[in-house]
file upload.txt (compact mmCIF, C-alpha atoms)
# COMPACT_ATOMS: atom_id res chain seq x y z
CA MET A 1 71.64 82.73 46.30
CA ASP A 2 68.89 80.19 46.27
CA ILE A 3 65.78 81.52 44.65
CA LYS A 4 63.23 78.81 44.14
CA TRP A 5 62.20 79.69 40.61
CA ALA A 6 60.61 76.29 40.12
CA ALA A 7 58.37 76.79 43.18
CA LEU A 8 57.49 80.27 41.97
CA GLY A 9 56.60 78.92 38.52
CA GLN A 10 54.47 76.23 40.16
CA VAL A 11 52.62 78.86 42.18
CA LEU A 12 51.83 80.76 38.96
CA VAL A 13 50.67 77.70 37.02
CA VAL A 14 48.60 76.17 39.84
CA SER A 15 47.02 79.50 40.81
CA LEU A 16 46.16 80.32 37.23
CA ALA A 17 44.65 76.89 36.57
CA VAL A 18 42.59 76.73 39.77
CA SER A 19 41.39 80.34 39.57
CA VAL A 20 40.38 80.03 35.94
CA VAL A 21 38.49 76.79 36.56
CA VAL A 22 36.68 78.14 39.64
CA VAL A 23 35.76 81.45 38.02
CA VAL A 24 34.66 79.83 34.75
CA VAL A 25 32.53 77.20 36.51
CA PHE A 26 31.03 79.83 38.82
CA SER A 27 30.29 82.09 35.83
CA LEU A 28 28.56 79.18 34.07
CA GLY A 29 26.48 78.75 37.23
CA VAL A 30 25.56 82.43 37.08
CA LEU A 31 24.56 82.00 33.46
CA ALA A 32 22.38 79.00 34.41
CA ILE A 33 20.65 80.95 37.20
CA SER A 34 19.93 83.76 34.80
CA ALA A 35 18.53 81.27 32.26
CA ARG A 36 16.28 79.75 34.91
CA GLN A 37 14.84 83.12 35.86
CA VAL A 38 14.13 83.89 32.22
CA ALA A 39 12.45 80.48 31.80
CA GLU A 40 10.29 80.99 34.89
CA GLU A 41 9.07 84.32 33.65
CA ARG A 42 8.00 82.68 30.41
CA HIS A 43 6.25 79.99 32.46
CA ALA A 44 8.54 77.42 30.91
CA THR A 45 10.19 74.73 32.98
CA GLY A 46 13.57 75.80 34.34
CA THR A 47 14.69 72.33 35.43
CA GLY A 48 17.60 72.07 33.00
CA PRO A 49 19.20 75.38 33.97
CA LEU A 50 18.55 74.66 37.66
CA ALA A 51 20.35 71.33 37.44
CA ALA A 52 23.25 73.02 35.64
CA ALA A 53 23.45 75.74 38.30
CA VAL A 54 23.42 73.19 41.14
CA LEU A 55 26.19 71.23 39.44
CA CYS A 56 28.35 74.32 38.93
CA PHE A 57 27.96 75.60 42.49
CA ALA A 58 28.51 72.13 43.95
CA ALA A 59 31.82 71.99 42.08
CA CYS A 60 32.78 75.41 43.47
CA ALA A 61 31.75 74.29 46.97
CA ALA A 62 34.06 71.30 46.63
CA VAL A 63 36.98 73.61 45.81
CA VAL A 64 36.10 75.79 48.83
CA GLY A 65 36.06 72.62 50.95
CA TYR A 66 39.54 71.77 49.70
CA GLY A 67 40.64 75.32 50.53
CA ILE A 68 39.40 74.92 54.11
CA TYR A 69 41.18 71.56 54.26
CA LEU A 70 44.43 73.30 53.27
CA ILE A 71 43.97 76.14 55.77
CA VAL A 72 43.06 74.08 58.86
CA PRO A 73 46.14 72.19 60.08
CA GLN A 74 44.06 69.74 62.13
CA PHE A 75 42.85 68.14 58.88
CA HIS A 76 46.33 67.15 57.77
CA MET B 1 56.98 83.63 87.84
CA GLU B 2 60.24 85.24 88.94
CA HIS B 3 61.50 85.13 85.34
CA VAL B 4 58.91 87.58 84.16
CA THR B 5 60.72 90.87 84.33
CA PHE B 6 59.65 94.39 83.46
CA LEU B 7 61.29 93.91 80.07
CA VAL B 8 59.35 90.73 79.31
CA VAL B 9 56.07 92.40 80.22
CA VAL B 10 56.93 95.32 77.92
CA VAL B 11 57.81 92.97 75.06
CA ILE B 12 54.53 91.06 75.47
CA ILE B 13 52.46 94.23 75.50
CA THR B 14 54.35 95.56 72.47
CA ALA B 15 53.90 92.25 70.65
CA LEU B 16 50.15 92.44 71.26
CA ALA B 17 50.13 96.06 70.07
CA PHE B 18 51.80 94.90 66.86
CA ASP B 19 49.25 92.08 66.61
CA PHE B 20 46.50 94.68 66.85
CA THR B 21 47.95 96.84 64.06
CA ASN B 22 48.44 93.65 62.04
CA GLY B 23 44.73 92.81 62.20
CA PHE B 24 43.79 96.44 61.71
CA HIS B 25 46.01 96.82 58.65
CA ASP B 26 44.97 93.56 57.02
CA THR B 27 41.16 93.68 57.31
CA ALA B 28 41.25 95.28 53.90
CA ASN B 29 42.92 92.23 52.33
CA ALA B 30 39.92 90.04 52.98
CA MET B 31 37.04 92.46 53.03
CA ALA B 32 37.79 95.57 50.93
CA THR B 33 36.27 94.25 47.71
CA SER B 34 33.20 92.79 49.46
CA ILE B 35 32.54 96.12 51.15
CA ALA B 36 33.11 98.05 47.92
CA THR B 37 30.65 96.00 45.87
CA GLY B 38 28.03 95.94 48.65
CA ALA B 39 28.28 92.15 49.07
CA LEU B 40 28.57 92.79 52.80
CA ARG B 41 27.70 95.82 54.89
CA PRO B 42 30.93 97.32 56.27
CA LYS B 43 30.28 96.44 59.94
CA VAL B 44 29.15 92.91 59.07
CA ALA B 45 32.23 92.38 56.91
CA VAL B 46 34.69 93.34 59.64
CA ALA B 47 32.76 91.29 62.23
CA ILE B 48 32.95 88.15 60.06
CA SER B 49 36.61 88.77 59.38
CA GLY B 50 37.37 89.38 63.06
CA VAL B 51 35.65 86.18 64.20
CA LEU B 52 37.37 84.11 61.49
CA ASN B 53 40.74 85.56 62.51
CA ILE B 54 40.14 84.43 66.10
CA VAL B 55 39.03 80.99 64.93
CA GLY B 56 42.12 80.81 62.71
CA ALA B 57 44.38 81.74 65.62
CA PHE B 58 43.05 78.89 67.73
CA LEU B 59 43.32 76.45 64.83
CA SER B 60 46.97 77.10 64.14
CA VAL B 61 49.09 74.56 65.92
CA GLU B 62 52.47 75.04 64.40
CA VAL B 63 53.82 78.21 65.91
CA ALA B 64 56.78 79.88 64.29
CA LYS B 65 59.98 78.29 65.55
CA THR B 66 62.00 81.38 64.83
CA ILE B 67 61.04 84.99 65.29
CA SER B 68 62.23 86.06 61.89
CA GLY B 69 62.24 82.91 59.76
CA GLY B 70 65.98 83.20 59.23
CA ILE B 71 66.09 86.84 58.14
CA VAL B 72 68.21 87.70 61.15
CA ASP B 73 70.45 85.46 63.23
CA ASP B 74 68.02 84.42 65.94
CA LYS B 75 70.82 83.45 68.32
CA LEU B 76 71.88 87.09 68.53
CA VAL B 77 68.38 88.45 69.16
CA THR B 78 67.72 89.70 72.69
CA PRO B 79 64.37 90.84 74.14
CA PRO B 80 65.29 94.57 73.83
CA MET B 81 65.97 94.01 70.11
CA VAL B 82 62.62 92.24 69.69
CA PHE B 83 61.01 95.16 71.46
CA ALA B 84 62.78 97.69 69.21
CA GLY B 85 61.87 95.70 66.08
CA LEU B 86 58.21 95.62 67.13
CA ILE B 87 58.23 99.38 67.63
CA GLY B 88 59.59 99.87 64.12
CA ALA B 89 56.85 97.63 62.72
CA ILE B 90 54.04 99.27 64.73
CA LEU B 91 55.01 102.82 63.79
CA TRP B 92 55.34 101.94 60.09
CA ASN B 93 51.97 100.19 60.18
CA LEU B 94 50.36 103.26 61.75
CA LEU B 95 51.99 105.66 59.29
CA THR B 96 50.93 103.67 56.21
CA TRP B 97 47.45 103.35 57.73
CA LEU B 98 47.29 107.14 58.12
CA PHE B 99 47.98 107.47 54.38
CA GLY B 100 45.60 104.60 53.64
CA LEU B 101 48.33 102.54 52.00
CA PRO B 102 48.22 98.75 52.21
CA SER B 103 51.65 97.40 53.14
CA SER B 104 52.78 94.06 54.44
CA SER B 105 52.76 93.72 58.24
CA SER B 106 55.21 90.81 58.01
CA HIS B 107 57.64 92.92 56.03
CA ALA B 108 57.30 95.70 58.60
CA LEU B 109 58.09 93.22 61.39
CA PHE B 110 61.08 91.80 59.49
CA GLY B 111 62.28 95.33 58.72
CA GLY B 112 62.03 96.39 62.35
CA LEU B 113 63.96 93.30 63.46
CA ILE B 114 66.63 93.82 60.81
CA GLY B 115 67.21 97.38 62.00
CA ALA B 116 67.21 96.38 65.65
CA VAL B 117 69.62 93.49 65.14
CA TRP B 118 71.88 95.52 62.86
CA VAL B 119 72.26 98.20 65.55
CA GLY B 120 72.21 95.81 68.50
CA ALA B 121 74.44 93.01 67.21
CA GLY B 122 76.09 94.32 64.05
CA MET B 123 75.64 93.66 60.35
CA ARG B 124 76.67 90.03 60.65
CA GLY B 125 73.37 89.40 62.46
CA VAL B 126 71.39 90.14 59.29
CA HIS B 127 71.11 87.54 56.54
CA PHE B 128 70.89 89.72 53.47
CA ASP B 129 70.61 86.87 50.98
CA THR B 130 67.54 85.62 52.88
CA VAL B 131 66.12 89.15 52.75
CA LEU B 132 66.46 89.12 48.96
CA GLN B 133 65.01 85.63 48.66
CA LYS B 134 62.14 85.94 51.14
CA ILE B 135 61.17 89.57 50.78
CA LEU B 136 62.40 91.35 47.65
CA ILE B 137 61.72 88.65 45.05
CA PRO B 138 58.27 87.77 46.50
CA ALA B 139 57.44 91.49 46.66
CA LEU B 140 58.05 91.75 42.93
CA ALA B 141 56.43 88.41 42.10
CA SER B 142 53.25 88.75 44.23
CA PRO B 143 51.51 91.57 42.36
CA LEU B 144 52.61 90.22 38.98
CA ILE B 145 51.31 86.69 39.58
CA ALA B 146 48.13 87.75 41.38
CA GLY B 147 47.51 90.52 38.87
CA PHE B 148 47.88 88.24 35.86
CA VAL B 149 45.68 85.52 37.39
CA ALA B 150 42.97 88.01 38.41
CA MET B 151 43.07 89.73 35.03
CA THR B 152 42.55 86.43 33.21
CA ALA B 153 39.79 85.34 35.61
CA THR B 154 38.01 88.70 35.34
CA TYR B 155 38.13 88.67 31.55
CA LEU B 156 36.62 85.17 31.48
CA ALA B 157 33.93 86.01 34.05
CA TYR B 158 32.76 89.01 32.01
CA THR B 159 32.93 87.16 28.70
CA ILE B 160 30.91 84.19 29.97
CA THR B 161 28.24 86.20 31.76
CA ALA B 162 27.95 88.91 29.10
CA ARG B 163 24.52 87.71 27.98
CA ALA B 164 23.17 86.90 31.46
CA ARG B 165 20.83 89.19 33.35
CA HIS B 166 22.55 91.96 35.19
CA GLU B 167 20.70 91.39 38.50
CA SER B 168 21.43 87.65 38.62
CA VAL B 169 25.08 88.32 37.81
CA THR B 170 25.48 90.93 40.52
CA SER B 171 23.72 89.04 43.30
CA THR B 172 25.31 85.66 42.61
CA PHE B 173 28.83 87.02 42.37
CA ARG B 174 28.24 88.93 45.60
CA PHE B 175 27.47 85.64 47.32
CA GLY B 176 30.63 84.10 45.90
CA GLN B 177 32.61 87.07 47.20
CA ILE B 178 31.44 86.44 50.77
CA VAL B 179 32.73 82.88 50.64
CA SER B 180 36.11 83.75 49.13
CA ALA B 181 36.59 86.70 51.50
CA SER B 182 35.88 84.43 54.47
CA LEU B 183 38.56 82.01 53.29
CA VAL B 184 41.12 84.83 53.16
CA SER B 185 40.20 85.85 56.73
CA LEU B 186 40.55 82.33 58.06
CA ALA B 187 43.90 81.86 56.36
CA HIS B 188 45.02 85.20 57.78
CA GLY B 189 44.16 84.13 61.33
CA THR B 190 46.07 80.87 61.05
CA ASN B 191 49.16 82.68 59.71
CA ASP B 192 49.40 86.11 61.24
CA ALA B 193 48.33 85.54 64.84
CA GLN B 194 51.03 82.87 64.87
CA LYS B 195 53.73 85.48 64.37
CA THR B 196 52.80 87.24 67.61
CA MET B 197 52.47 83.94 69.48
CA GLY B 198 55.94 83.04 68.23
CA VAL B 199 57.44 86.34 69.39
CA ILE B 200 55.88 86.08 72.87
CA THR B 201 56.70 82.40 73.30
CA LEU B 202 60.31 82.79 72.17
CA THR B 203 60.75 85.77 74.49
CA LEU B 204 59.44 83.75 77.43
CA ILE B 205 61.78 80.91 76.48
CA SER B 206 64.77 83.26 76.19
CA THR B 207 64.29 84.45 79.78
CA GLY B 208 63.71 80.97 81.13
CA ALA B 209 60.02 81.44 81.98
CA LEU B 210 59.21 78.60 79.58
CA ALA B 211 61.23 75.49 78.80
CA SER B 212 63.03 75.45 75.45
CA GLY B 213 60.83 74.13 72.67
CA SER B 214 57.60 74.81 74.59
CA ALA B 215 54.33 75.27 72.78
CA PRO B 216 52.70 78.63 73.46
CA PRO B 217 50.63 78.62 76.68
CA ILE B 218 46.89 78.91 76.17
CA TRP B 219 46.82 82.50 77.44
CA VAL B 220 49.30 83.47 74.71
CA ILE B 221 47.13 81.86 72.03
CA ALA B 222 43.99 83.49 73.43
CA ALA B 223 45.60 86.91 73.79
CA ALA B 224 47.12 86.87 70.29
CA GLY B 225 43.90 85.58 68.71
CA LEU B 226 41.61 88.04 70.47
CA THR B 227 43.92 90.99 69.81
CA ILE B 228 44.21 90.33 66.08
CA GLY B 229 40.45 89.73 65.95
CA LEU B 230 39.76 93.01 67.73
CA GLY B 231 42.15 94.85 65.40
CA THR B 232 40.42 93.29 62.41
CA TYR B 233 36.98 94.18 63.75
CA LEU B 234 37.87 97.83 64.39
CA GLY B 235 38.93 97.81 60.77
CA GLY B 236 41.54 99.94 59.07
CA TRP B 237 38.86 101.81 57.15
CA ARG B 238 41.38 104.07 55.46
CA ILE B 239 43.09 101.08 53.84
CA ILE B 240 39.76 99.40 53.07
CA ARG B 241 38.74 102.50 51.13
CA THR B 242 41.99 102.55 49.16
CA MET B 243 41.76 98.89 48.19
CA GLY B 244 38.01 98.79 47.60
CA LYS B 245 37.46 102.13 45.91
CA GLY B 246 40.80 103.81 45.35
CA ILE B 247 42.70 101.55 42.96
CA THR B 248 39.80 100.92 40.62
CA GLU B 249 36.00 100.87 40.70
CA ILE B 250 35.04 97.26 41.46
CA GLU B 251 31.87 95.49 40.31
CA SER B 252 30.83 92.23 41.95
CA PRO B 253 32.14 89.88 39.20
CA GLN B 254 35.50 91.62 39.55
CA GLY B 255 35.33 91.39 43.32
CA PHE B 256 34.74 87.66 43.05
CA ALA B 257 37.45 87.15 40.44
CA ALA B 258 39.94 89.15 42.51
CA GLU B 259 39.11 87.38 45.79
CA ALA B 260 39.08 83.92 44.22
CA SER B 261 42.42 84.58 42.51
CA ALA B 262 43.97 86.04 45.65
CA THR B 263 42.77 83.12 47.79
CA THR B 264 44.18 80.63 45.30
CA VAL B 265 47.53 82.41 45.03
CA ILE B 266 47.83 82.68 48.84
CA LEU B 267 47.02 79.01 49.42
CA ALA B 268 49.14 77.81 46.51
CA SER B 269 52.11 79.90 47.60
CA SER B 270 52.01 78.78 51.22
CA HIS B 271 51.65 75.10 50.25
CA LEU B 272 54.17 75.04 47.40
CA GLY B 273 56.93 76.57 49.50
CA PHE B 274 57.12 80.08 48.09
CA ALA B 275 55.46 82.30 50.67
CA LEU B 276 53.99 85.51 49.25
CA SER B 277 52.70 88.52 51.15
CA THR B 278 48.90 88.49 51.47
CA THR B 279 48.73 92.28 51.21
CA GLN B 280 50.69 92.36 47.99
CA VAL B 281 48.78 89.43 46.51
CA VAL B 282 45.41 91.07 47.18
CA SER B 283 46.54 94.50 45.94
CA GLY B 284 47.90 92.87 42.79
CA ALA B 285 44.67 90.94 42.27
CA ILE B 286 42.62 94.15 42.55
CA LEU B 287 44.86 95.87 39.99
CA GLY B 288 44.58 92.84 37.73
CA THR B 289 40.82 92.76 37.98
CA GLY B 290 40.77 96.40 36.92
CA LEU B 291 42.84 95.51 33.86
CA GLY B 292 40.63 92.52 33.06
CA ARG B 293 37.40 94.48 32.71
CA ARG B 294 37.19 96.64 29.65
CA LEU B 295 36.59 100.31 30.40
CA ALA B 296 37.66 99.91 34.02
CA GLN B 297 39.95 102.72 35.05
CA ILE B 298 42.97 102.24 37.22
CA ARG B 299 44.42 105.04 39.27
CA TRP B 300 48.05 104.44 38.47
CA GLY B 301 49.16 107.30 40.68
CA LEU B 302 47.77 105.49 43.69
CA ALA B 303 49.20 102.16 42.51
CA GLY B 304 52.57 103.87 42.24
CA ARG B 305 52.37 105.23 45.78
CA MET B 306 51.44 101.75 46.98
CA ALA B 307 54.48 100.25 45.25
CA LEU B 308 56.63 102.97 46.82
CA ALA B 309 55.24 102.10 50.27
CA TRP B 310 56.17 98.45 49.68
CA LEU B 311 59.71 99.41 48.73
CA LEU B 312 60.02 101.65 51.77
CA THR B 313 58.45 99.23 54.28
CA LEU B 314 61.62 97.31 55.00
CA PRO B 315 64.13 100.18 55.19
CA ALA B 316 61.74 102.51 57.02
CA ALA B 317 60.78 99.96 59.67
CA ALA B 318 64.47 99.04 59.91
CA ALA B 319 65.45 102.67 60.52
CA VAL B 320 62.90 103.04 63.32
CA GLY B 321 63.83 99.63 64.72
CA GLY B 322 67.49 100.59 64.65
CA VAL B 323 66.98 103.88 66.48
CA ALA B 324 64.74 102.17 69.03
CA ALA B 325 67.36 99.44 69.53
CA ALA B 326 70.11 102.00 70.09
CA VAL B 327 68.07 103.38 72.99
CA ALA B 328 66.46 100.18 74.29
CA THR B 329 69.62 98.07 74.47
CA THR B 330 71.13 100.48 77.00
CA GLY B 331 69.01 99.09 79.82
CA THR B 332 65.66 99.33 81.53
CA LEU B 333 65.60 103.11 81.38
CA GLY B 334 66.29 102.97 77.65
CA VAL B 335 63.40 100.54 77.15
CA ALA B 336 61.10 102.82 79.12
CA ILE B 337 62.18 105.90 77.11
CA ALA B 338 61.69 104.06 73.79
CA ALA B 339 58.25 102.88 74.94
CA VAL B 340 57.16 106.39 75.97
CA VAL B 341 58.37 107.92 72.69
CA ALA B 342 56.65 105.17 70.68
CA ILE B 343 53.37 105.73 72.53
CA ALA B 344 53.63 109.48 71.96
CA VAL B 345 54.29 109.06 68.22
CA SER B 346 51.43 106.55 67.92
CA ALA B 347 49.09 108.98 69.67
CA GLY B 348 50.25 111.71 67.29
CA LEU B 349 49.53 109.55 64.23
CA TYR B 350 46.11 108.69 65.63
CA ALA B 351 45.38 112.37 66.31
CA ALA B 352 46.39 113.19 62.71
CA SER B 353 43.92 110.56 61.45
CA ARG B 354 41.07 112.27 63.31
CA ARG B 355 41.39 115.35 61.14
CA GLU B 356 39.92 113.42 58.24
CA PRO B 357 38.38 110.30 59.75
CA VAL B 358 37.38 107.31 57.63
CA HIS B 359 34.84 104.94 59.17
CA ALA B 360 32.17 102.41 58.28
CA GLY B 361 29.85 105.23 57.24
CA ASN B 362 32.05 106.84 54.60
CA VAL B 363 34.32 103.97 53.61
CA ASN B 364 32.73 103.68 50.16
CA GLU B 365 33.02 107.36 49.36
CA LEU B 366 36.00 108.25 47.27
CA PRO B 367 38.59 110.47 48.88
CA ALA B 368 39.15 113.78 47.13
CA GLN B 369 42.49 113.05 45.53
CA PRO B 370 44.42 115.80 43.83
CA GLN B 371 45.81 113.64 41.02
CA ARG B 372 43.85 113.00 37.86
CA VAL B 373 42.30 109.67 36.97
CA ALA B 374 44.21 108.02 34.17
CA ALA B 375 42.80 105.29 31.99
call {"tool": "encode", "arguments": {"input": "upload.txt", "output": "structure tokens"}}
result
Amino acid sequence: MDIKWAALGQVLVVSLAVSVVVVVVFSLGVLAISARQVAEERHATGTGPLAAAVLCFAACAAVVGYGIYLIVPQFH
Amino acid sequence: MEHVTFLVVVVIITALAFDFTNGFHDTANAMATSIATGALRPKVAVAISGVLNIVGAFLSVEVAKTISGGIVDDKLVTPPMVFAGLIGAILWNLLTWLFGLPSSSSHALFGGLIGAVWVGAGMRGVHFDTVLQKILIPALASPLIAGFVAMTATYLAYTITARARHESVTSTFRFGQIVSASLVSLAHGTNDAQKTMGVITLTLISTGALASGSAPPIWVIAAAGLTIGLGTYLGGWRIIRTMGKGITEIESPQGFAAEASATTVILASSHLGFALSTTQVVSGAILGTGLGRRLAQIRWGLAGRMALAWLLTLPAAAAVGGVAAAVATTGTLGVAIAAVVAIAVSAGLYAASRREPVHAGNVNELPAQPQRVAA
């Protein structure tokens, strides 16, 4: 019997880490978008929140790009 | 092509029929949560998923070198056994679809082959330790890992966005869902269409129509890709409803957390050498996302029936595969009889589904289930 417990443990740790980072960063982006809308309605400048949102979603886009890289064999 | 016999033609058609049920069964994995939260309209969701499955099929270069990945002794497998195994897988896929239960198409295929080889070549043809290692352990691990990851991600998503505006939260997470669902579809196309290409290619090689070690001809790639794409597009709406609405009521942050977690688990598992079933990963992630949101209710009765279907997939497909092999290995007449019976049973299952059809129009309406909702 050769059950690859180490590989299984790796899958758990890597999945948990990546998912948590992506979801947390995306959620922060959502928070920033919400803050920008509130700022706009008060006729205040929403530049700070906008920059934060762009940063968060760019980070998520990078992870998606890496996902596509992993899926498409031609990239390897 | 004098090597292309009646039997080979039957195997190819059956393989494509399996490919179709594979796409049909697995649309839900990628798109159920996006349809449930309204991130995508049902028809749009299945169209995107179908196209990405076709793209994925053409992208995959490394076609399976064995039909079963070592679960049965490939040297003992003959075309009638492949045919019988495919029948077992197709009928199980149709039956679980009728009941709206997500179950792994790969496990159904393995089960069908195990039954067919057991009957056709004896028990020594089946590698039971590989079955335990590649099917039973992953089947237990998939929902646990995906569920735990999705639960954690969901909890964090709700905690972080608790003070944000509801509309911004809903619309932004919906957008995120579309991206993560598309990734699942693409990954599905690169993996699952390959299985059918492998079966067809290896059958052609076994009869001498292709040289040993050949890559699949372009028509095989195109046929497998288009068939799985068509199956995906037609959409197993019954399963989509179960996964999107049946297990738990999903809001868009949950949909995103579940899809993102499932995508990560699928990619991590296939690249770290511990392959997990996509169906079980996604089902587990949906359960987990229900647990991660406070006040979300999970229909444990349905989750239990799903788990039961997973347990039964292998033996049930094996039983059908075994019976089909007993008939099909007797010769051309046997193959023809098995094919006719399989078509008749499939037609019967389809007819049964028409009594209470589920389609794009009512996919988001909850079925009237007799059992009570438990918190």
call {"tool": "interface_residues", "arguments": {"input": "upload.txt", "of": "chain B", "to": "chain A", "cutoff": "9 Å", "atoms": "only C-alpha atoms", "output": "PDB file with C-alpha atoms, in the frame of the given file"}}
result
ATOM      1  CA  GLY B  56      42.120  80.810  62.710  1.00  0.00           C
ATOM      2  CA  LEU B  59      43.320  76.450  64.830  1.00  0.00           C
ATOM      3  CA  SER B  60      46.970  77.100  64.140  1.00  0.00           C
ATOM      4  CA  VAL B  61      49.090  74.560  65.920  1.00  0.00           C
ATOM      5  CA  GLU B  62      52.470  75.040  64.400  1.00  0.00           C
ATOM      6  CA  ASP B 129      70.610  86.870  50.980  1.00  0.00           C
ATOM      7  CA  THR B 130      67.540  85.620  52.880  1.00  0.00           C
ATOM      8  CA  LEU B 132      66.460  89.120  48.960  1.00  0.00           C
ATOM      9  CA  GLN B 133      65.010  85.630  48.660  1.00  0.00           C
ATOM     10  CA  LYS B 134      62.140  85.940  51.140  1.00  0.00           C
ATOM     11  CA  ILE B 137      61.720  88.650  45.050  1.00  0.00           C
ATOM     12  CA  PRO B 138      58.270  87.770  46.500  1.00  0.00           C
ATOM     13  CA  ALA B 141      56.430  88.410  42.100  1.00  0.00           C
ATOM     14  CA  ILE B 145      51.310  86.690  39.580  1.00  0.00           C
ATOM     15  CA  ALA B 146      48.130  87.750  41.380  1.00  0.00           C
ATOM     16  CA  PHE B 148      47.880  88.240  35.860  1.00  0.00           C
ATOM     17  CA  VAL B 149      45.680  85.520  37.390  1.00  0.00           C
ATOM     18  CA  ALA B 150      42.970  88.010  38.410  1.00  0.00           C
ATOM     19  CA  THR B 152      42.550  86.430  33.210  1.00  0.00           C
ATOM     20  CA  ALA B 153      39.790  85.340  35.610  1.00  0.00           C
ATOM     21  CA  THR B 154      38.010  88.700  35.340  1.00  0.00           C
ATOM     22  CA  LEU B 156      36.620  85.170  31.480  1.00  0.00           C
ATOM     23  CA  ALA B 157      33.930  86.010  34.050  1.00  0.00           C
ATOM     24  CA  TYR B 158      32.760  89.010  32.010  1.00  0.00           C
ATOM     25  CA  ILE B 160      30.910  84.190  29.970  1.00  0.00           C
ATOM     26  CA  THR B 161      28.240  86.200  31.760  1.00  0.00           C
ATOM     27  CA  ALA B 162      27.950  88.910  29.100  1.00  0.00           C
ATOM     28  CA  ARG B 163      24.520  87.710  27.980  1.00  0.00           C
ATOM     29  CA  ALA B 164      23.170  86.900  31.460  1.00  0.00           C
ATOM     30  CA  ARG B 165      20.830  89.190  33.350  1.00  0.00           C
ATOM     31  CA  HIS B 166      22.550  91.960  35.190  1.00  0.00           C
ATOM     32  CA  GLU B 167      20.700  91.390  38.500  1.00  0.00           C
ATOM     33  CA  SER B 168      21.430  87.650  38.620  1.00  0.00           C
ATOM     34  CA  VAL B 169      25.080  88.320  37.810  1.00  0.00           C
ATOM     35  CA  THR B 172      25.310  85.660  42.610  1.00  0.00           C
ATOM     36  CA  PHE B 173      28.830  87.020  42.370  1.00  0.00           C
ATOM     37  CA  GLY B 176      30.630  84.100  45.900  1.00  0.00           C
ATOM     38  CA  VAL B 179      32.730  82.880  50.640  1.00  0.00           C
ATOM     39  CA  SER B 180      36.110  83.750  49.130  1.00  0.00           C
ATOM     40  CA  LEU B 183      38.560  82.010  53.290  1.00  0.00           C
ATOM     41  CA  LEU B 186      40.550  82.330  58.060  1.00  0.00           C
ATOM     42  CA  ALA B 187      43.900  81.860  56.360  1.00  0.00           C
ATOM     43  CA  THR B 190      46.070  80.870  61.050  1.00  0.00           C
ATOM     44  CA  PRO B 253      32.140  89.880  39.200  1.00  0.00           C
ATOM     45  CA  PHE B 256      34.740  87.660  43.050  1.00  0.00           C
ATOM     46  CA  ALA B 257      37.450  87.150  40.440  1.00  0.00           C
ATOM     47  CA  ALA B 260      39.080  83.920  44.220  1.00  0.00           C
ATOM     48  CA  SER B 261      42.420  84.580  42.510  1.00  0.00           C
ATOM     49  CA  ALA B 262      43.970  86.040  45.650  1.00  0.00           C
ATOM     50  CA  THR B 263      42.770  83.120  47.790  1.00  0.00           C
ATOM     51  CA  THR B 264      44.180  80.630  45.300  1.00  0.00           C
ATOM     52  CA  VAL B 265      47.530  82.410  45.030  1.00  0.00           C
ATOM     53  CA  ILE B 266      47.830  82.680  48.840  1.00  0.00           C
ATOM     54  CA  LEU B 267      47.020  79.010  49.420  1.00  0.00           C
ATOM     55  CA  ALA B 268      49.140  77.810  46.510  1.00  0.00           C
ATOM     56  CA  SER B 269      52.110  79.900  47.600  1.00  0.00           C
ATOM     57  CA  HIS B 271      51.650  75.100  50.250  1.00  0.00           C
ATOM     58  CA  LEU B 272      54.170  75.040  47.400  1.00  0.00           C
ATOM     59  CA  GLY B 273      56.930  76.570  49.500  1.00  0.00           C
ATOM     60  CA  PHE B 274      57.120  80.080  48.090  1.00  0.00           C
TER      61      PHE B 274
END
call {"tool": "residues_around", "arguments": {"input": "upload.txt", "residues": "stretch 326-330 of chain B", "least_positions_apart": "4", "cutoff": "6 Å", "atoms": "only C-alpha atoms", "output": "PyMOL selection string"}}
result
chain B and resi 80+334-335
call {"tool": "residues_around", "arguments": {"input": "upload.txt", "residues": "B:Lys195", "least_positions_apart": "6", "cutoff": "12 Å", "atoms": "only C-alpha atoms", "output": "PyMOL selection string"}}
result
chain B and resi 15-16+18-20+22-23+57+60-69+86+105-107+109-110+188-189+201-202+216+220-221+224-225+228
call {"tool": "atom_distance", "arguments": {"input": "upload.txt", "atom1": "atom CA of B:Ala47", "atom2": "atom CA of B:Ala360"}}
result
11.8 Å
call {"tool": "atom_distance", "arguments": {"input": "upload.txt", "atom1": "atom CA of B:Ala309", "atom2": "atom CA of B:Pro102"}}
result
8.0 Å
call {"tool": "atom_distance", "arguments": {"input": "upload.txt", "atom1": "atom CA of B:Gln194", "atom2": "atom CA of B:Thr21"}}
result
14.3 Å
call {"tool": "residues_around", "arguments": {"input": "upload.txt", "residues": "B:Ala36", "least_positions_apart": "2", "cutoff": "7 Å", "atoms": "all atoms listed in the file", "output": "list of chain:residue names"}}
result
B:Ala32, B:Thr33, B:Ser34, B:Gly38, B:Gly244, B:Lys245, B:Ile250, B:Asn364
call {"tool": "closest_residue", "arguments": {"input": "upload.txt", "among": "B:Thr332, B:Thr14, B:Ser49, B:Thr279", "to": "B:Asn29", "atoms": "only C-alpha atoms"}}
result
B:Thr279
call {"tool": "closest_residue", "arguments": {"input": "upload.txt", "among": "B:Thr27, B:Val281, B:Thr96, B:Pro143", "to": "B:Asp192", "atoms": "all atoms listed in the file"}}
result
B:Thr27
